[in-house]
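Enquirer: Provided below: model-v8.pdb, containing PDB, C-alpha atoms.
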ATOM      1  CA  MET I   1    -159.749 210.239 -99.609  1.00  0.00           C
ATOM      2  CA  SER I   2    -156.212 208.965-100.240  1.00  0.00           C
ATOM      3  CA  PRO I   3    -154.978 208.519-103.812  1.00  0.00           C
ATOM      4  CA  ALA I   4    -155.179 205.096-105.412  1.00  0.00           C
ATOM      5  CA  ARG I   5    -152.120 202.926-104.888  1.00  0.00           C
ATOM      6  CA  SER I   6    -150.507 200.168-106.897  1.00  0.00           C
ATOM      7  CA  TRP I   7    -149.583 197.109-104.843  1.00  0.00           C
ATOM      8  CA  ILE I   8    -146.742 195.269-106.588  1.00  0.00           C
ATOM      9  CA  VAL I   9    -146.853 191.721-105.266  1.00  0.00           C
ATOM     10  CA  VAL I  10    -143.789 189.507-105.635  1.00  0.00           C
ATOM     11  CA  PRO I  11    -144.803 185.821-105.695  1.00  0.00           C
ATOM     12  CA  ASP I  12    -143.682 183.443-102.964  1.00  0.00           C
ATOM     13  CA  GLY I  13    -144.512 179.957-104.170  1.00  0.00           C
ATOM     14  CA  LEU I  14    -147.303 177.444-104.366  1.00  0.00           C
ATOM     15  CA  ALA I  15    -148.490 174.951-101.789  1.00  0.00           C
ATOM     16  CA  ALA I  16    -147.746 171.289-102.504  1.00  0.00           C
ATOM     17  CA  ASP I  17    -149.279 167.981-101.593  1.00  0.00           C
ATOM     18  CA  ASP I  18    -147.446 165.436 -99.445  1.00  0.00           C
ATOM     19  CA  ALA I  19    -145.720 164.066-102.549  1.00  0.00           C
ATOM     20  CA  GLY I  20    -144.402 167.549-103.398  1.00  0.00           C
ATOM     21  CA  ARG I  21    -146.712 168.169-106.374  1.00  0.00           C
ATOM     22  CA  ALA I  22    -147.781 171.780-106.879  1.00  0.00           C
ATOM     23  CA  LEU I  23    -151.315 172.604-105.858  1.00  0.00           C
ATOM     24  CA  GLY I  24    -153.305 175.440-107.375  1.00  0.00           C
ATOM     25  CA  GLU I  25    -153.086 177.544-104.227  1.00  0.00           C
ATOM     26  CA  PRO I  26    -150.565 179.980-102.776  1.00  0.00           C
ATOM     27  CA  SER I  27    -147.980 178.708-100.308  1.00  0.00           C
ATOM     28  CA  PHE I  28    -148.328 179.501 -96.595  1.00  0.00           C
ATOM     29  CA  VAL I  29    -145.896 182.388 -97.095  1.00  0.00           C
ATOM     30  CA  TYR I  30    -147.618 183.778-100.185  1.00  0.00           C
ATOM     31  CA  ARG I  31    -151.025 183.601 -98.429  1.00  0.00           C
ATOM     32  CA  ALA I  32    -149.682 185.782 -95.613  1.00  0.00           C
ATOM     33  CA  VAL I  33    -148.517 188.330 -98.207  1.00  0.00           C
ATOM     34  CA  LEU I  34    -151.861 188.270-100.012  1.00  0.00           C
ATOM     35  CA  ASP I  35    -153.802 188.572 -96.738  1.00  0.00           C
ATOM     36  CA  ARG I  36    -151.798 191.690 -95.880  1.00  0.00           C
ATOM     37  CA  VAL I  37    -152.513 193.210 -99.294  1.00  0.00           C
ATOM     38  CA  LEU I  38    -156.204 192.453 -98.785  1.00  0.00           C
ATOM     39  CA  ASP I  39    -156.079 194.252 -95.428  1.00  0.00           C
ATOM     40  CA  GLU I  40    -154.188 197.284 -96.762  1.00  0.00           C
ATOM     41  CA  SER I  41    -155.695 197.811-100.217  1.00  0.00           C
ATOM     42  CA  ALA I  42    -158.802 199.847-100.959  1.00  0.00           C
ATOM     43  CA  PRO I  43    -161.314 200.253-103.769  1.00  0.00           C
ATOM     44  CA  GLY I  44    -159.623 202.086-106.628  1.00  0.00           C
ATOM     45  CA  ASP I  45    -156.215 200.571-105.850  1.00  0.00           C
ATOM     46  CA  ARG I  46    -154.576 198.035-108.168  1.00  0.00           C
ATOM     47  CA  ILE I  47    -152.921 194.800-107.134  1.00  0.00           C
ATOM     48  CA  LEU I  48    -150.224 193.908-109.664  1.00  0.00           C
ATOM     49  CA  LEU I  49    -149.428 190.203-109.411  1.00  0.00           C
ATOM     50  CA  ALA I  50    -145.945 189.698-110.825  1.00  0.00           C
ATOM     51  CA  PRO I  51    -145.907 186.678-113.133  1.00  0.00           C
ATOM     52  CA  ALA I  52    -144.036 183.578-112.107  1.00  0.00           C
ATOM     53  CA  ASN I  53    -144.110 179.787-112.153  1.00  0.00           C
ATOM     54  CA  ARG I  54    -146.336 176.727-112.287  1.00  0.00           C
ATOM     55  CA  PHE I  55    -143.796 174.397-110.644  1.00  0.00           C
ATOM     56  CA  GLY I  56    -145.056 171.553-112.826  1.00  0.00           C
ATOM     57  CA  GLY I  57    -148.693 172.130-111.892  1.00  0.00           C
ATOM     58  CA  GLU I  58    -151.566 173.480-113.930  1.00  0.00           C
ATOM     59  CA  VAL I  59    -151.937 176.845-112.153  1.00  0.00           C
ATOM     60  CA  SER I  60    -149.356 179.632-112.053  1.00  0.00           C
ATOM     61  CA  GLU I  61    -148.448 181.457-108.879  1.00  0.00           C
ATOM     62  CA  GLN I  62    -150.128 184.627-110.124  1.00  0.00           C
ATOM     63  CA  GLU I  63    -153.344 182.818-111.091  1.00  0.00           C
ATOM     64  CA  ALA I  64    -153.460 181.069-107.700  1.00  0.00           C
ATOM     65  CA  ALA I  65    -153.017 184.486-106.082  1.00  0.00           C
ATOM     66  CA  ARG I  66    -155.736 186.062-108.250  1.00  0.00           C
ATOM     67  CA  ARG I  67    -158.188 183.318-107.269  1.00  0.00           C
ATOM     68  CA  TYR I  68    -157.244 183.645-103.604  1.00  0.00           C
ATOM     69  CA  LEU I  69    -157.793 187.406-103.639  1.00  0.00           C
ATOM     70  CA  ALA I  70    -161.073 187.153-105.569  1.00  0.00           C
ATOM     71  CA  GLU I  71    -162.453 184.459-103.256  1.00  0.00           C
ATOM     72  CA  ARG I  72    -161.760 186.726-100.295  1.00  0.00           C
ATOM     73  CA  GLY I  73    -163.521 189.714-101.824  1.00  0.00           C
ATOM     74  CA  ALA I  74    -160.646 191.929-102.914  1.00  0.00           C
ATOM     75  CA  THR I  75    -161.992 195.413-103.556  1.00  0.00           C
ATOM     76  CA  ALA I  76    -158.927 196.611-105.477  1.00  0.00           C
ATOM     77  CA  GLY I  77    -158.529 195.840-109.151  1.00  0.00           C
ATOM     78  CA  ILE I  78    -156.356 192.784-109.802  1.00  0.00           C
ATOM     79  CA  VAL I  79    -153.840 192.758-112.649  1.00  0.00           C
ATOM     80  CA  CYS I  80    -152.919 189.182-113.490  1.00  0.00           C
ATOM     81  CA  PHE I  81    -151.584 187.796-116.739  1.00  0.00           C
ATOM     82  CA  GLU I  82    -149.966 184.617-117.945  1.00  0.00           C
ATOM     83  CA  VAL I  83    -146.571 184.397-119.595  1.00  0.00           C
ATOM     84  CA  ASP I  84    -145.155 181.821-121.942  1.00  0.00           C
ATOM     85  CA  ASP I  85    -141.863 181.251-120.194  1.00  0.00           C
ATOM     86  CA  ARG I  86    -140.913 177.616-119.883  1.00  0.00           C
ATOM     87  CA  ARG I  87    -137.845 178.380-117.807  1.00  0.00           C
ATOM     88  CA  TYR I  88    -137.934 179.070-114.093  1.00  0.00           C
ATOM     89  CA  VAL I  89    -138.945 182.677-113.462  1.00  0.00           C
ATOM     90  CA  ASP I  90    -136.790 184.099-110.681  1.00  0.00           C
ATOM     91  CA  THR I  91    -137.197 187.441-108.922  1.00  0.00           C
ATOM     92  CA  ARG I  92    -135.505 189.308-111.781  1.00  0.00           C
ATOM     93  CA  GLY I  93    -137.842 187.555-114.204  1.00  0.00           C
ATOM     94  CA  ASN I  94    -140.819 188.620-112.064  1.00  0.00           C
ATOM     95  CA  ALA I  95    -139.728 192.251-112.454  1.00  0.00           C
ATOM     96  CA  ARG I  96    -138.843 192.043-116.148  1.00  0.00           C
ATOM     97  CA  LEU I  97    -142.058 190.297-117.138  1.00  0.00           C
ATOM     98  CA  LEU I  98    -144.204 192.722-115.128  1.00  0.00           C
ATOM     99  CA  ARG I  99    -142.381 195.681-116.655  1.00  0.00           C
ATOM    100  CA  ARG I 100    -142.843 194.256-120.189  1.00  0.00           C
ATOM    101  CA  HIS I 101    -146.578 193.843-119.527  1.00  0.00           C
ATOM    102  CA  LEU I 102    -146.871 197.416-118.253  1.00  0.00           C
ATOM    103  CA  GLU I 103    -144.918 198.735-121.242  1.00  0.00           C
ATOM    104  CA  GLU I 104    -147.175 196.863-123.681  1.00  0.00           C
ATOM    105  CA  ALA I 105    -150.237 198.218-121.859  1.00  0.00           C
ATOM    106  CA  GLY I 106    -148.876 201.782-122.094  1.00  0.00           C
ATOM    107  CA  GLU I 107    -148.613 202.007-118.295  1.00  0.00           C
ATOM    108  CA  TRP I 108    -144.844 202.362-118.023  1.00  0.00           C
ATOM    109  CA  PRO I 109    -143.206 203.901-116.192  1.00  0.00           C
ATOM    110  CA  LEU I 110    -145.319 202.938-113.235  1.00  0.00           C
ATOM    111  CA  ALA I 111    -145.974 205.917-110.998  1.00  0.00           C
ATOM    112  CA  GLY I 112    -144.668 204.564-107.709  1.00  0.00           C
ATOM    113  CA  GLY I 113    -146.365 201.842-105.775  1.00  0.00           C
ATOM    114  CA  VAL I 114    -145.867 199.617-102.780  1.00  0.00           C
ATOM    115  CA  LEU I 115    -143.643 196.562-103.265  1.00  0.00           C
ATOM    116  CA  VAL I 116    -144.913 193.676-101.135  1.00  0.00           C
ATOM    117  CA  SER I 117    -143.252 190.348-100.401  1.00  0.00           C
ATOM    118  CA  PHE I 118    -142.300 187.933 -97.650  1.00  0.00           C
ATOM    119  CA  HIS I 119    -139.966 189.788 -95.275  1.00  0.00           C
ATOM    120  CA  ARG I 120    -136.989 187.522 -96.000  1.00  0.00           C
ATOM    121  CA  HIS I 121    -137.435 187.896 -99.774  1.00  0.00           C
ATOM    122  CA  LEU I 122    -138.239 191.631 -99.795  1.00  0.00           C
ATOM    123  CA  PRO I 123    -134.712 193.142 -99.580  1.00  0.00           C
ATOM    124  CA  ARG I 124    -133.649 191.220-102.680  1.00  0.00           C
ATOM    125  CA  ALA I 125    -136.938 191.899-104.452  1.00  0.00           C
ATOM    126  CA  ALA I 126    -136.592 195.650-103.743  1.00  0.00           C
ATOM    127  CA  LEU I 127    -133.043 195.633-105.118  1.00  0.00           C
ATOM    128  CA  VAL I 128    -133.974 193.719-108.275  1.00  0.00           C
ATOM    129  CA  PHE I 129    -137.154 195.697-109.005  1.00  0.00           C
ATOM    130  CA  ALA I 130    -135.166 198.947-108.621  1.00  0.00           C
ATOM    131  CA  GLN I 131    -132.485 197.606-110.973  1.00  0.00           C
ATOM    132  CA  GLU I 132    -135.238 196.851-113.485  1.00  0.00           C
ATOM    133  CA  GLY I 133    -136.514 200.448-113.352  1.00  0.00           C
ATOM    134  CA  PHE I 134    -139.359 200.285-110.837  1.00  0.00           C
ATOM    135  CA  ALA I 135    -139.605 203.415-108.696  1.00  0.00           C
ATOM    136  CA  VAL I 136    -141.513 202.263-105.632  1.00  0.00           C
ATOM    137  CA  ASP I 137    -142.799 204.639-102.990  1.00  0.00           C
ATOM    138  CA  SER I 138    -142.425 202.107-100.201  1.00  0.00           C
ATOM    139  CA  THR I 139    -142.012 198.455 -99.344  1.00  0.00           C
ATOM    140  CA  LEU I 140    -144.180 196.265 -97.173  1.00  0.00           C
ATOM    141  CA  PRO I 141    -142.419 193.276 -95.601  1.00  0.00           C
ATOM    142  CA  VAL I 142    -144.776 190.517 -94.495  1.00  0.00           C
ATOM    143  CA  ALA I 143    -144.210 187.641 -92.112  1.00  0.00           C
ATOM    144  CA  PRO I 144    -146.850 185.042 -91.307  1.00  0.00           C
ATOM    145  CA  PRO I 145    -148.498 185.825 -87.959  1.00  0.00           C
ATOM    146  CA  ARG I 146    -147.299 182.407 -86.839  1.00  0.00           C
ATOM    147  CA  PHE I 147    -144.738 180.451 -88.809  1.00  0.00           C
ATOM    148  CA  ALA I 148    -146.429 177.211 -89.862  1.00  0.00           C
ATOM    149  CA  PRO I 149    -144.127 175.370 -92.250  1.00  0.00           C
ATOM    150  CA  GLU I 150    -146.655 173.680 -94.502  1.00  0.00           C
ATOM    151  CA  THR I 151    -145.606 171.729 -97.569  1.00  0.00           C
ATOM    152  CA  ILE I 152    -144.349 173.994-100.347  1.00  0.00           C
ATOM    153  CA  VAL I 153    -143.143 173.156-103.854  1.00  0.00           C
ATOM    154  CA  GLY I 154    -139.793 171.370-103.816  1.00  0.00           C
ATOM    155  CA  ARG I 155    -137.814 174.130-105.504  1.00  0.00           C
ATOM    156  CA  LEU I 156    -138.608 176.420-102.544  1.00  0.00           C
ATOM    157  CA  TRP I 157    -137.866 173.855 -99.802  1.00  0.00           C
ATOM    158  CA  TYR I 158    -135.770 176.387 -97.854  1.00  0.00           C
ATOM    159  CA  TYR I 159    -138.899 178.484 -97.106  1.00  0.00           C
ATOM    160  CA  ARG I 160    -139.736 175.875 -94.466  1.00  0.00           C
ATOM    161  CA  PHE I 161    -136.487 176.590 -92.612  1.00  0.00           C
ATOM    162  CA  PRO I 162    -136.247 180.254 -91.564  1.00  0.00           C
ATOM    163  CA  VAL I 163    -132.497 180.291 -90.833  1.00  0.00           C
ATOM    164  CA  LEU I 164    -131.606 178.582 -94.112  1.00  0.00           C
ATOM    165  CA  HIS I 165    -133.968 180.904 -95.965  1.00  0.00           C
ATOM    166  CA  ALA I 166    -132.248 183.942 -94.438  1.00  0.00           C
ATOM    167  CA  VAL I 167    -128.818 182.616 -95.461  1.00  0.00           C
ATOM    168  CA  TYR I 168    -130.084 181.843 -98.978  1.00  0.00           C
ATOM    169  CA  GLU I 169    -131.450 185.379 -99.355  1.00  0.00           C
ATOM    170  CA  ILE I 170    -128.155 186.951 -98.267  1.00  0.00           C
ATOM    171  CA  GLY I 171    -126.305 185.021-100.962  1.00  0.00           C
ATOM    172  CA  ALA I 172    -128.978 185.650-103.588  1.00  0.00           C
ATOM    173  CA  ARG I 173    -128.988 189.380-102.774  1.00  0.00           C
ATOM    174  CA  LEU I 174    -125.228 189.552-103.290  1.00  0.00           C
ATOM    175  CA  LEU I 175    -125.540 187.781-106.662  1.00  0.00           C
ATOM    176  CA  SER I 176    -128.441 190.073-107.578  1.00  0.00           C
ATOM    177  CA  ARG I 177    -126.434 193.183-106.665  1.00  0.00           C
ATOM    178  CA  LEU I 178    -123.763 191.960-109.097  1.00  0.00           C
ATOM    179  CA  ARG I 179    -126.548 191.196-111.624  1.00  0.00           C
ATOM    180  CA  LEU I 180    -125.440 187.582-111.817  1.00  0.00           C
ATOM    181  CA  ILE I 181    -129.013 186.444-111.147  1.00  0.00           C
TER     182      ILE I 181
END
Just give me the structure as structure tokens.
Expert:
Amino acid sequence: MSPARSWIVVPDGLAADDAGRALGEPSFVYRAVLDRVLDESAPGDRILLAPANRFGGEVSEQEAARRYLAERGATAGIVCFEVDDRRYVDTRGNARLLRRHLEEAGEWPLAGGVLVSFHRHLPRAALVFAQEGFAVDSTLPVAPPRFAPETIVGRLWYYRFPVLHAVYEIGARLLSRLRLI
């Protein structure tokens, strides 16, 4: 039997209605990430849902992810918690807030883990989580099996346009490397 793993999941947005209002469900990109974690995780593992945003809706990204995983019968334990952060939580905030939670729970430093995110977001997420002290054993980039650009919250509009998203991530990674974001 393989040792239990910690799956560190970086959020990738909420779905939105046609008017752009946040729905209480993960975006098309985030669902692909969560589906992959469901496929790869096992009983005894932990899925750590990094805290994030509500995008003006009633449900946070991490709570939408927790519900999604639970409804699909996740066998790994799910770590999900809310934060009182009224500002936008970016990738660095995801890492800092998760680390703070683990420190308060007496579970820091985290003994390795697998960092999971959308493949375009993952290089920046890996950089930022490493800068914030996470020592991950590996990364798991995820792309939807078929890119179906459904409506996503307005702040993440570029997720619907793969080329623009790639360009955005290159710039954001440079700013992250310099610790400007």
Enquirer: Quick check, in Å to one decimal: how far apart do atom CA of I:Trp108 and atom CA of I:Glu82 lie?
Expert: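 So the two atoms, atom CA of I:Trp108 and atom CA of I:Glu82, lie 18.5 Å apart.
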Enquirer: Pick from I:Ala16, I:Val33, I:Val163, I:Leu115: nearest to I:Phe129, with all atoms listed in the file counted?
Expert: I:Leu115
Enquirer: Rank I:Arg21, I:Arg120, I:Arg67, I:Arg46 by their smallest atom-to-atom distance to I:Arg155, using all atoms listed in the file, and report the top residue only.
Expert: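 Closest to I:Arg155 of all the choices is I:Arg21.
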Enquirer: Skipping near chain neighbours, those fewer than 4 positions away, what residues fall within 8 Å of I:Gly77 using all atoms listed in the file, listed as a list in words?
Expert: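 Selected residues are Pro43, Gly44, Asp45, Arg46 and Ile47 of chain I.
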Enquirer: Find the spatial neighbours of I:Leu23, counting all atoms listed in the file, within a cut-off of 8 Å - ignore same-chain residues fewer than 2 positions away - and output them as a ChimeraX atom specification.
Expert: /I:14-17,21,25,57,59
Enquirer: Please determine the residues with any atom at most 8 Å from (-149.2, 186.6, -98.7) (coordinates as given in the file, with all atoms listed in the file counting) and report them as an MDAnalysis selection string.
Expert: chainID I and resid 12 26 28:37 117:118 142 144
Enquirer: Measuring between all atoms listed in the file, which one of I:Leu122, I:Ile8, I:Leu164, I:Leu156 shows the shortest distance to I:Ala143?
Expert: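 Selected residue with least distance to I:Ala143: I:Leu122.
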Enquirer: What is the distance, in Å and to one decimal place, between atom CA of I:Leu98 and atom CA of I:Thr75?
Expert: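 According to the coordinates, atom CA of I:Leu98 and atom CA of I:Thr75 are separated by 21.4 Å.
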Enquirer: Out of I:Val128, I:Ala76, I:Ile181, I:Leu48, which residue has the shortest atom-to-atom distance to I:Leu110 when counting all atoms listed in the file?
Expert: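 Among the listed residues, the smallest separation from I:Leu110 belongs to I:Leu48.
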Enquirer: Take the PyMOL selection byres ((chain I and resi 150) around 8), run it mentally on this structure, and tell me the resulting residues as number ranges by chain.
Expert: I: 15, 27-28, 148-149, 151-152, 160
Enquirer: Please determine, counting only C-alpha atoms, which residue among I:Ala52, I:Leu38, I:Leu174, I:Val114 has the shortest atom-to-atom distance to I:Val136.
Expert: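 Distance minimum relative to I:Val136 lands on I:Val114.
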Enquirer: Quote the spacing between atom CA of I:Ala74 and atom CA of I:Ser6 in Å to one decimal place.
Expert: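 Computing the Euclidean distance for atom CA of I:Ala74 and atom CA of I:Ser6 yields 13.7 Å.
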Enquirer: Put stretch 157-181 of chain I into a file with N, CA and C atoms, as a PDB file, in the first residue's frame.
Expert:
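Just written: result30.pdb:
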ATOM      1  N   TRP I 157     -11.922  36.258 -17.035  1.00  0.00           N
ATOM      2  CA  TRP I 157     -12.391  36.191 -18.423  1.00  0.00           C
ATOM      3  C   TRP I 157     -11.377  35.537 -19.352  1.00  0.00           C
ATOM      4  N   TYR I 158     -10.085  35.760 -19.101  1.00  0.00           N
ATOM      5  CA  TYR I 158      -9.030  35.258 -19.984  1.00  0.00           C
ATOM      6  C   TYR I 158      -8.940  33.733 -19.994  1.00  0.00           C
ATOM      7  N   TYR I 159      -9.530  33.047 -19.015  1.00  0.00           N
ATOM      8  CA  TYR I 159      -9.536  31.579 -19.006  1.00  0.00           C
ATOM      9  C   TYR I 159     -10.263  31.032 -20.233  1.00  0.00           C
ATOM     10  N   ARG I 160     -11.163  31.808 -20.799  1.00  0.00           N
ATOM     11  CA  ARG I 160     -11.926  31.360 -21.959  1.00  0.00           C
ATOM     12  C   ARG I 160     -11.139  31.464 -23.255  1.00  0.00           C
ATOM     13  N   PHE I 161      -9.962  32.082 -23.196  1.00  0.00           N
ATOM     14  CA  PHE I 161      -9.147  32.314 -24.383  1.00  0.00           C
ATOM     15  C   PHE I 161      -7.739  31.770 -24.129  1.00  0.00           C
ATOM     16  N   PRO I 162      -7.479  30.536 -24.544  1.00  0.00           N
ATOM     17  CA  PRO I 162      -6.223  29.864 -24.199  1.00  0.00           C
ATOM     18  C   PRO I 162      -4.952  30.656 -24.508  1.00  0.00           C
ATOM     19  N   VAL I 163      -4.876  31.309 -25.645  1.00  0.00           N
ATOM     20  CA  VAL I 163      -3.658  32.054 -25.995  1.00  0.00           C
ATOM     21  C   VAL I 163      -3.483  33.244 -25.050  1.00  0.00           C
ATOM     22  N   LEU I 164      -4.540  33.988 -24.818  1.00  0.00           N
ATOM     23  CA  LEU I 164      -4.465  35.121 -23.895  1.00  0.00           C
ATOM     24  C   LEU I 164      -4.128  34.658 -22.478  1.00  0.00           C
ATOM     25  N   HIS I 165      -4.692  33.520 -22.083  1.00  0.00           N
ATOM     26  CA  HIS I 165      -4.396  32.991 -20.754  1.00  0.00           C
ATOM     27  C   HIS I 165      -2.911  32.643 -20.639  1.00  0.00           C
ATOM     28  N   ALA I 166      -2.356  32.039 -21.670  1.00  0.00           N
ATOM     29  CA  ALA I 166      -0.928  31.696 -21.658  1.00  0.00           C
ATOM     30  C   ALA I 166      -0.072  32.954 -21.541  1.00  0.00           C
ATOM     31  N   VAL I 167      -0.416  33.991 -22.292  1.00  0.00           N
ATOM     32  CA  VAL I 167       0.340  35.250 -22.232  1.00  0.00           C
ATOM     33  C   VAL I 167       0.211  35.874 -20.841  1.00  0.00           C
ATOM     34  N   TYR I 168      -1.005  35.884 -20.295  1.00  0.00           N
ATOM     35  CA  TYR I 168      -1.223  36.417 -18.950  1.00  0.00           C
ATOM     36  C   TYR I 168      -0.331  35.693 -17.942  1.00  0.00           C
ATOM     37  N   GLU I 169      -0.300  34.380 -18.012  1.00  0.00           N
ATOM     38  CA  GLU I 169       0.473  33.590 -17.040  1.00  0.00           C
ATOM     39  C   GLU I 169       1.973  33.855 -17.155  1.00  0.00           C
ATOM     40  N   ILE I 170       2.465  34.095 -18.352  1.00  0.00           N
ATOM     41  CA  ILE I 170       3.887  34.415 -18.514  1.00  0.00           C
ATOM     42  C   ILE I 170       4.204  35.719 -17.781  1.00  0.00           C
ATOM     43  N   GLY I 171       3.378  36.722 -17.985  1.00  0.00           N
ATOM     44  CA  GLY I 171       3.583  38.000 -17.304  1.00  0.00           C
ATOM     45  C   GLY I 171       3.425  37.878 -15.799  1.00  0.00           C
ATOM     46  N   ALA I 172       2.394  37.168 -15.362  1.00  0.00           N
ATOM     47  CA  ALA I 172       2.155  36.995 -13.929  1.00  0.00           C
ATOM     48  C   ALA I 172       3.280  36.198 -13.274  1.00  0.00           C
ATOM     49  N   ARG I 173       3.838  35.225 -13.992  1.00  0.00           N
ATOM     50  CA  ARG I 173       4.952  34.442 -13.437  1.00  0.00           C
ATOM     51  C   ARG I 173       6.178  35.325 -13.259  1.00  0.00           C
ATOM     52  N   LEU I 174       6.441  36.192 -14.201  1.00  0.00           N
ATOM     53  CA  LEU I 174       7.572  37.117 -14.077  1.00  0.00           C
ATOM     54  C   LEU I 174       7.373  38.015 -12.860  1.00  0.00           C
ATOM     55  N   LEU I 175       6.192  38.595 -12.703  1.00  0.00           N
ATOM     56  CA  LEU I 175       5.912  39.448 -11.544  1.00  0.00           C
ATOM     57  C   LEU I 175       5.992  38.659 -10.228  1.00  0.00           C
ATOM     58  N   SER I 176       5.563  37.405 -10.274  1.00  0.00           N
ATOM     59  CA  SER I 176       5.637  36.552  -9.086  1.00  0.00           C
ATOM     60  C   SER I 176       7.086  36.231  -8.736  1.00  0.00           C
ATOM     61  N   ARG I 177       7.905  35.979  -9.748  1.00  0.00           N
ATOM     62  CA  ARG I 177       9.324  35.683  -9.506  1.00  0.00           C
ATOM     63  C   ARG I 177       9.987  36.862  -8.798  1.00  0.00           C
ATOM     64  N   LEU I 178       9.564  38.069  -9.175  1.00  0.00           N
ATOM     65  CA  LEU I 178      10.104  39.293  -8.553  1.00  0.00           C
ATOM     66  C   LEU I 178       9.383  39.626  -7.248  1.00  0.00           C
ATOM     67  N   ARG I 179       8.393  38.800  -6.888  1.00  0.00           N
ATOM     68  CA  ARG I 179       7.572  38.983  -5.686  1.00  0.00           C
ATOM     69  C   ARG I 179       6.804  40.297  -5.703  1.00  0.00           C
ATOM     70  N   LEU I 180       6.432  40.732  -6.901  1.00  0.00           N
ATOM     71  CA  LEU I 180       5.622  41.934  -7.033  1.00  0.00           C
ATOM     72  C   LEU I 180       4.137  41.614  -6.912  1.00  0.00           C
ATOM     73  N   ILE I 181       3.796  40.355  -7.140  1.00  0.00           N
ATOM     74  CA  ILE I 181       2.415  39.882  -6.903  1.00  0.00           C
ATOM     75  C   ILE I 181       2.527  38.551  -6.200  1.00  0.00           C
TER      76      ILE I 181
END
